[in-house]
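Shown next: structure-v7.cif, containing mmCIF, C-alpha atoms.
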data_target
#
loop_
_atom_site.label_atom_id
_atom_site.label_comp_id
_atom_site.auth_asym_id
_atom_site.auth_seq_id
_atom_site.Cartn_x
_atom_site.Cartn_y
_atom_site.Cartn_z
CA GLU A 156 89.60 121.58 41.39
CA ASP A 157 88.84 118.06 40.33
CA GLU A 158 85.16 117.46 39.99
CA LYS A 159 83.60 114.28 41.30
CA ASP A 160 81.48 112.25 38.94
CA GLU A 161 77.80 112.70 39.55
CA GLY A 162 76.61 110.14 42.06
CA GLU A 163 80.07 109.49 43.43
CA GLU A 164 79.85 109.39 47.18
CA GLU A 165 82.46 111.05 49.29
CA GLU A 166 84.18 108.45 51.41
CA LEU A 167 83.84 109.20 55.10
CA ASP A 168 86.50 108.31 57.63
CA THR A 169 84.62 106.20 60.13
CA SER A 170 87.70 104.83 61.83
CA CYS A 171 88.25 105.48 65.50
CA ASP A 172 90.77 104.57 68.14
CA GLU A 173 90.07 101.31 69.91
CA PHE A 174 91.42 100.50 73.33
CA GLU A 175 91.70 97.09 74.87
CA PHE A 176 92.24 96.49 78.58
CA SER A 177 92.35 92.71 78.62
CA ALA A 178 94.90 92.46 81.43
CA LEU A 179 93.04 94.99 83.59
CA THR A 180 89.72 93.30 82.86
CA ARG A 181 91.09 89.92 83.94
CA LYS A 182 92.51 91.47 87.12
CA ILE A 183 89.17 93.10 87.96
CA GLU A 184 87.24 89.89 87.31
CA ASP A 185 89.67 87.86 89.46
CA THR A 186 89.46 90.40 92.29
CA ILE A 187 85.66 90.42 92.18
CA GLN A 188 85.67 86.65 92.65
CA GLU A 189 88.25 86.86 95.44
CA LEU A 190 86.02 89.38 97.28
CA GLY A 191 82.90 87.24 97.12
CA GLY A 192 81.40 88.14 93.76
CA ALA A 193 80.45 91.78 94.35
CA ILE A 194 82.56 94.91 94.86
CA PHE A 195 82.40 98.68 95.24
CA PRO A 196 84.80 100.54 92.90
CA LYS A 197 86.49 103.89 93.50
CA LEU A 198 89.59 105.85 92.56
CA ASN A 199 92.24 107.20 94.95
CA TRP A 200 90.01 109.92 96.39
CA SER A 201 86.71 109.84 94.54
CA ALA A 202 83.93 107.28 94.46
CA PRO A 203 81.44 107.22 91.55
CA LYS A 204 78.52 108.06 93.84
CA ASP A 205 77.01 110.25 91.14
CA ALA A 206 76.80 107.37 88.65
CA SER A 207 74.65 104.75 90.39
CA TRP A 208 71.84 105.63 87.97
CA VAL A 209 73.71 103.98 85.08
CA ASN A 210 73.92 100.71 87.02
CA GLY A 211 70.33 100.19 88.11
CA GLY A 212 70.54 102.59 91.04
CA THR A 213 73.40 100.83 92.81
CA LEU A 214 77.20 100.90 92.91
CA GLU A 215 77.35 97.15 93.49
CA CYS A 216 79.47 95.77 90.64
CA ARG A 217 79.63 92.09 89.70
CA THR A 218 81.57 92.32 86.43
CA ALA A 219 84.39 94.38 84.98
CA GLY A 220 81.81 95.87 82.63
CA ASP A 221 79.87 97.19 85.63
CA VAL A 222 83.05 98.80 86.96
CA TYR A 223 83.85 100.50 83.65
CA LEU A 224 80.24 101.66 83.34
CA VAL A 225 80.03 103.48 86.67
CA LEU A 226 83.53 104.97 86.40
CA LYS A 227 82.81 106.30 82.92
CA GLY A 228 79.47 107.71 84.08
CA SER A 229 80.95 109.55 87.08
CA ASP A 230 81.83 113.24 86.89
CA PHE A 231 83.64 112.88 90.24
CA CYS A 232 86.01 110.22 88.88
CA SER A 233 86.47 112.02 85.56
CA PHE A 234 87.56 115.14 87.41
CA ASP A 235 90.08 113.19 89.49
CA ALA A 236 91.49 111.45 86.42
CA SER A 237 91.98 114.68 84.45
CA HIS A 238 92.70 117.36 87.07
CA THR A 239 95.01 115.78 89.63
CA ASP A 240 98.75 115.19 89.52
CA VAL A 241 98.48 112.04 91.65
CA PRO A 242 98.66 108.82 89.60
CA VAL A 243 95.18 107.35 89.36
CA GLN A 244 94.63 104.05 91.11
CA LEU A 245 91.57 101.83 90.92
CA VAL A 246 90.40 100.51 94.29
CA LEU A 247 88.00 97.58 94.57
CA ARG A 248 86.37 96.95 97.95
CA LYS A 249 84.18 94.09 99.04
CA TRP A 250 80.51 95.01 98.69
CA CYS A 251 78.62 95.29 102.00
CA ASN A 252 75.02 96.26 102.65
CA LEU A 253 75.26 99.05 105.22
CA TYR A 254 72.55 100.79 107.20
CA PRO A 255 72.83 104.41 105.99
CA SER A 256 71.85 105.72 109.44
CA GLN A 257 75.11 104.34 110.83
CA GLU A 258 77.48 106.05 108.40
CA PHE A 259 79.33 109.14 109.62
CA ARG A 260 81.94 111.54 108.25
CA CYS A 261 84.77 112.68 110.53
CA PHE A 262 86.85 115.82 109.98
CA VAL A 263 90.45 115.93 111.22
CA ARG A 264 92.57 119.07 111.39
CA ASP A 265 96.15 119.14 112.71
CA ASN A 266 95.68 115.49 113.69
CA THR A 267 92.74 116.46 115.90
CA LEU A 268 89.21 115.17 115.40
CA ILE A 269 87.08 118.32 115.38
CA ALA A 270 83.75 117.45 113.78
CA ILE A 271 81.45 114.55 112.90
CA SER A 272 78.47 114.62 110.54
CA GLN A 273 75.77 112.15 109.66
CA ARG A 274 76.71 111.05 106.12
CA HIS A 275 73.20 110.80 104.69
CA HIS A 276 72.31 114.25 105.92
CA SER A 277 69.07 114.62 103.96
CA GLN A 278 67.42 111.77 105.90
CA HIS A 279 66.04 111.81 109.43
CA TRP A 280 66.36 109.00 111.97
CA PRO A 281 64.71 110.00 115.28
CA TYR A 282 66.97 107.89 117.50
CA LEU A 283 69.99 109.91 116.39
CA GLN A 284 68.52 112.82 118.38
CA ASP A 285 69.07 111.01 121.69
CA LEU A 286 71.73 112.99 123.57
CA GLN A 287 73.26 109.97 125.32
CA TYR A 288 73.51 108.18 121.99
CA GLN A 289 75.32 111.21 120.56
CA LEU A 290 77.75 111.28 123.48
CA ASP A 291 78.48 107.58 122.96
CA LEU A 292 79.12 108.16 119.27
CA LYS A 293 81.54 111.01 119.93
CA ASP A 294 83.45 108.94 122.49
CA GLU A 295 83.65 105.92 120.19
CA PHE A 296 84.77 107.89 117.15
CA ALA A 297 87.32 109.85 119.19
CA GLU A 298 88.72 106.56 120.51
CA PHE A 299 88.83 105.13 116.97
CA HIS A 300 90.69 108.19 115.74
CA GLU A 301 93.16 108.07 118.61
CA ASN A 302 93.84 104.32 118.55
CA VAL A 303 93.52 103.52 114.85
CA MET A 304 93.91 106.57 112.63
CA LYS A 305 96.69 108.30 114.57
CA GLN A 306 98.55 105.03 115.00
CA SER A 307 98.55 104.27 111.29
CA ALA A 308 101.19 105.37 108.81
CA PHE A 309 98.81 107.84 107.14
CA PRO A 310 101.03 110.83 106.30
CA LEU A 311 98.54 113.73 106.34
CA SER A 312 97.55 115.82 109.35
CA ASP A 313 94.41 117.27 107.71
CA TYR A 314 91.95 114.78 106.23
CA VAL A 315 88.41 113.45 106.30
CA PHE A 316 87.41 109.86 106.94
CA ASP A 317 84.12 107.98 106.80
CA VAL A 318 83.18 105.31 109.32
CA TYR A 319 80.44 102.79 109.91
CA ARG A 320 79.16 101.71 113.32
CA ASP A 321 77.74 98.18 113.29
CA LYS A 322 75.20 96.53 115.58
CA LYS A 323 77.95 95.40 117.93
CA ASP A 324 79.18 99.01 118.31
CA ARG A 325 82.31 98.26 116.30
CA ILE A 326 83.69 101.08 114.17
CA TRP A 327 84.82 100.36 110.62
CA LEU A 328 86.79 102.67 108.34
CA ILE A 329 85.00 102.77 104.98
CA ASP A 330 86.61 105.67 103.11
CA MET A 331 89.25 108.40 103.13
CA ASN A 332 88.74 111.88 101.67
CA VAL A 333 90.82 114.98 101.08
CA TRP A 334 90.59 118.00 103.36
CA ALA A 335 89.25 120.23 100.58
CA SER A 336 86.04 121.64 99.20
CA GLN A 337 85.57 118.76 96.75
CA THR A 338 84.80 116.64 99.81
CA ASP A 339 81.21 117.30 100.88
CA ALA A 340 81.13 118.96 104.31
CA LEU A 341 77.56 117.65 104.78
CA LEU A 342 76.02 119.29 107.88
CA PHE A 343 79.00 121.62 108.25
CA ASP A 344 80.39 124.29 105.98
CA TRP A 345 83.98 124.38 104.80
CA SER A 346 84.34 128.02 105.80
CA GLU A 347 83.69 127.10 109.43
CA LEU A 348 85.84 123.97 109.33
CA VAL A 349 88.95 125.76 108.06
CA SER A 350 88.59 128.46 110.74
CA TRP A 351 87.56 126.04 113.51
CA THR A 352 88.30 127.27 117.03
CA ALA A 353 85.83 125.26 119.11
CA SER A 354 87.20 122.86 121.71
CA GLY A 355 86.08 119.27 121.77
CA VAL A 356 84.29 117.34 119.03
CA GLU A 357 81.02 118.55 117.55
CA LEU A 358 78.52 116.00 116.20
CA ARG A 359 75.71 117.09 113.89
CA VAL A 360 72.79 114.86 112.90
#

Take the structure I supplied and represent it as structure tokens, if you would.
Amino acid sequence: EDEKDEGEEEELDTSCDEFEFSALTRKIEDTIQELGGAIFPKLNWSAPKDASWVNGGTLECRTAGDVYLVLKGSDFCSFDASHTDVPVQLVLRKWCNLYPSQEFRCFVRDNTLIAISQRHHSQHWPYLQDLQYQLDLKDEFAEFHENVMKQSAFPLSDYVFDVYRDKKDRIWLIDMNVWASQTDALLFDWSELVSWTASGVELRV
């Protein structure tokens, strides 16, 4: 073997692959401005809800750098990008400040709304315990499912969707989720949802 002269330093390979997404970055920045200067990013099925800590405790993004930061910091999005056969798409939605007490998750099986859960299920809002209020919610969400979701071109018969009820009692669709265990069942359990036999819609708060 050839011997190195004493004091000769072994040259280390410090090169690494560099990636540039200038076109995507420009598109993100333009879209952020079109949507009012602040957006919420997500992929086809997953949102980077587990990565708000890398962005000051919020998923509100004002630059392309913010978007890249939360997507890279999210295990949810990393799993989608590496374990699904569906082409990954980046979705940018206008940022809105929502009252967490008015967010709900709806479970649909065989095109039938079967269950509704409070989305932020670890928090307690006393007024959600009012029985008449719960009946109103079930009626409104059932009507939304019948008149909006079932009338759309959405191709699946089993799915989960998240809605927001504003101060004027209007229902807004805020997210779509897969009918699968990677979607949090919140106040339900997936074992009971997949074997659901109850009639009517059950609401849990």

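In this model, the gap between CA of Thr218 in chain A and CA of Gln244 in chain A comes to 18.2 Å.
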
#### Entry: Expansion of the PyMOL selection byres ((chain A and resi 253) around 12) into residues, as a list in words
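On the file shown, the PyMOL selection byres ((chain A and resi 253) around 12) covers Lys249, Trp250, Cys251, Asn252, Tyr254, Pro255, Ser256, Gln257, Glu258, Phe259, His275, Val318, Tyr319, Arg320, Asp321, Lys322, Trp327 and Ile329 of chain A.
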
Write the residues of the preceding selection, restricted to C-alpha atoms, as a PDB file, in the coordinates of the input.
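So result_39.pdb came out as:
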ATOM      1  CA  LYS A 249      84.180  94.090  99.040  1.00  0.00           C
ATOM      2  CA  TRP A 250      80.510  95.010  98.690  1.00  0.00           C
ATOM      3  CA  CYS A 251      78.620  95.290 102.000  1.00  0.00           C
ATOM      4  CA  ASN A 252      75.020  96.260 102.650  1.00  0.00           C
ATOM      5  CA  TYR A 254      72.550 100.790 107.200  1.00  0.00           C
ATOM      6  CA  PRO A 255      72.830 104.410 105.990  1.00  0.00           C
ATOM      7  CA  SER A 256      71.850 105.720 109.440  1.00  0.00           C
ATOM      8  CA  GLN A 257      75.110 104.340 110.830  1.00  0.00           C
ATOM      9  CA  GLU A 258      77.480 106.050 108.400  1.00  0.00           C
ATOM     10  CA  PHE A 259      79.330 109.140 109.620  1.00  0.00           C
ATOM     11  CA  HIS A 275      73.200 110.800 104.690  1.00  0.00           C
ATOM     12  CA  VAL A 318      83.180 105.310 109.320  1.00  0.00           C
ATOM     13  CA  TYR A 319      80.440 102.790 109.910  1.00  0.00           C
ATOM     14  CA  ARG A 320      79.160 101.710 113.320  1.00  0.00           C
ATOM     15  CA  ASP A 321      77.740  98.180 113.290  1.00  0.00           C
ATOM     16  CA  LYS A 322      75.200  96.530 115.580  1.00  0.00           C
ATOM     17  CA  TRP A 327      84.820 100.360 110.620  1.00  0.00           C
ATOM     18  CA  ILE A 329      85.000 102.770 104.980  1.00  0.00           C
TER      19      ILE A 329
END

### Message
If the PyMOL selection byres ((chain A and resi 357) around 6) were run on this exact file, what residues would it hold? Put them as a VMD selection string.
### Response
chain A and resid 270 356 358

I need the output of the PyMOL selection byres ((chain A and resi 189-202) around 7) for this file as an mmCIF file with C-alpha atoms, in the frame of the given file; which residues are they?
data_model
loop_
_atom_site.group_PDB
_atom_site.id
_atom_site.type_symbol
_atom_site.label_atom_id
_atom_site.label_comp_id
_atom_site.auth_asym_id
_atom_site.auth_seq_id
_atom_site.Cartn_x
_atom_site.Cartn_y
_atom_site.Cartn_z
ATOM 1 C CA ASP A 185 89.670 87.860 89.460
ATOM 2 C CA THR A 186 89.460 90.400 92.290
ATOM 3 C CA ILE A 187 85.660 90.420 92.180
ATOM 4 C CA GLN A 188 85.670 86.650 92.650
ATOM 5 C CA PRO A 203 81.440 107.220 91.550
ATOM 6 C CA LYS A 204 78.520 108.060 93.840
ATOM 7 C CA LEU A 214 77.200 100.900 92.910
ATOM 8 C CA GLU A 215 77.350 97.150 93.490
ATOM 9 C CA CYS A 216 79.470 95.770 90.640
ATOM 10 C CA ARG A 217 79.630 92.090 89.700
ATOM 11 C CA VAL A 222 83.050 98.800 86.960
ATOM 12 C CA PHE A 231 83.640 112.880 90.240
ATOM 13 C CA CYS A 232 86.010 110.220 88.880
ATOM 14 C CA ASP A 235 90.080 113.190 89.490
ATOM 15 C CA VAL A 243 95.180 107.350 89.360
ATOM 16 C CA GLN A 244 94.630 104.050 91.110
ATOM 17 C CA LEU A 245 91.570 101.830 90.920
ATOM 18 C CA VAL A 246 90.400 100.510 94.290
ATOM 19 C CA LEU A 247 88.000 97.580 94.570
ATOM 20 C CA ARG A 248 86.370 96.950 97.950
ATOM 21 C CA LYS A 249 84.180 94.090 99.040
ATOM 22 C CA TRP A 250 80.510 95.010 98.690
ATOM 23 C CA MET A 331 89.250 108.400 103.130
ATOM 24 C CA ASN A 332 88.740 111.880 101.670
ATOM 25 C CA VAL A 333 90.820 114.980 101.080
#

#### Entry: Within 8 Å of Ala219 in chain A using only C-alpha atoms, minus same-chain residues under 6 positions, as a list in words
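Result of the neighbour search: Thr180, Ile183 and Glu184 of chain A.
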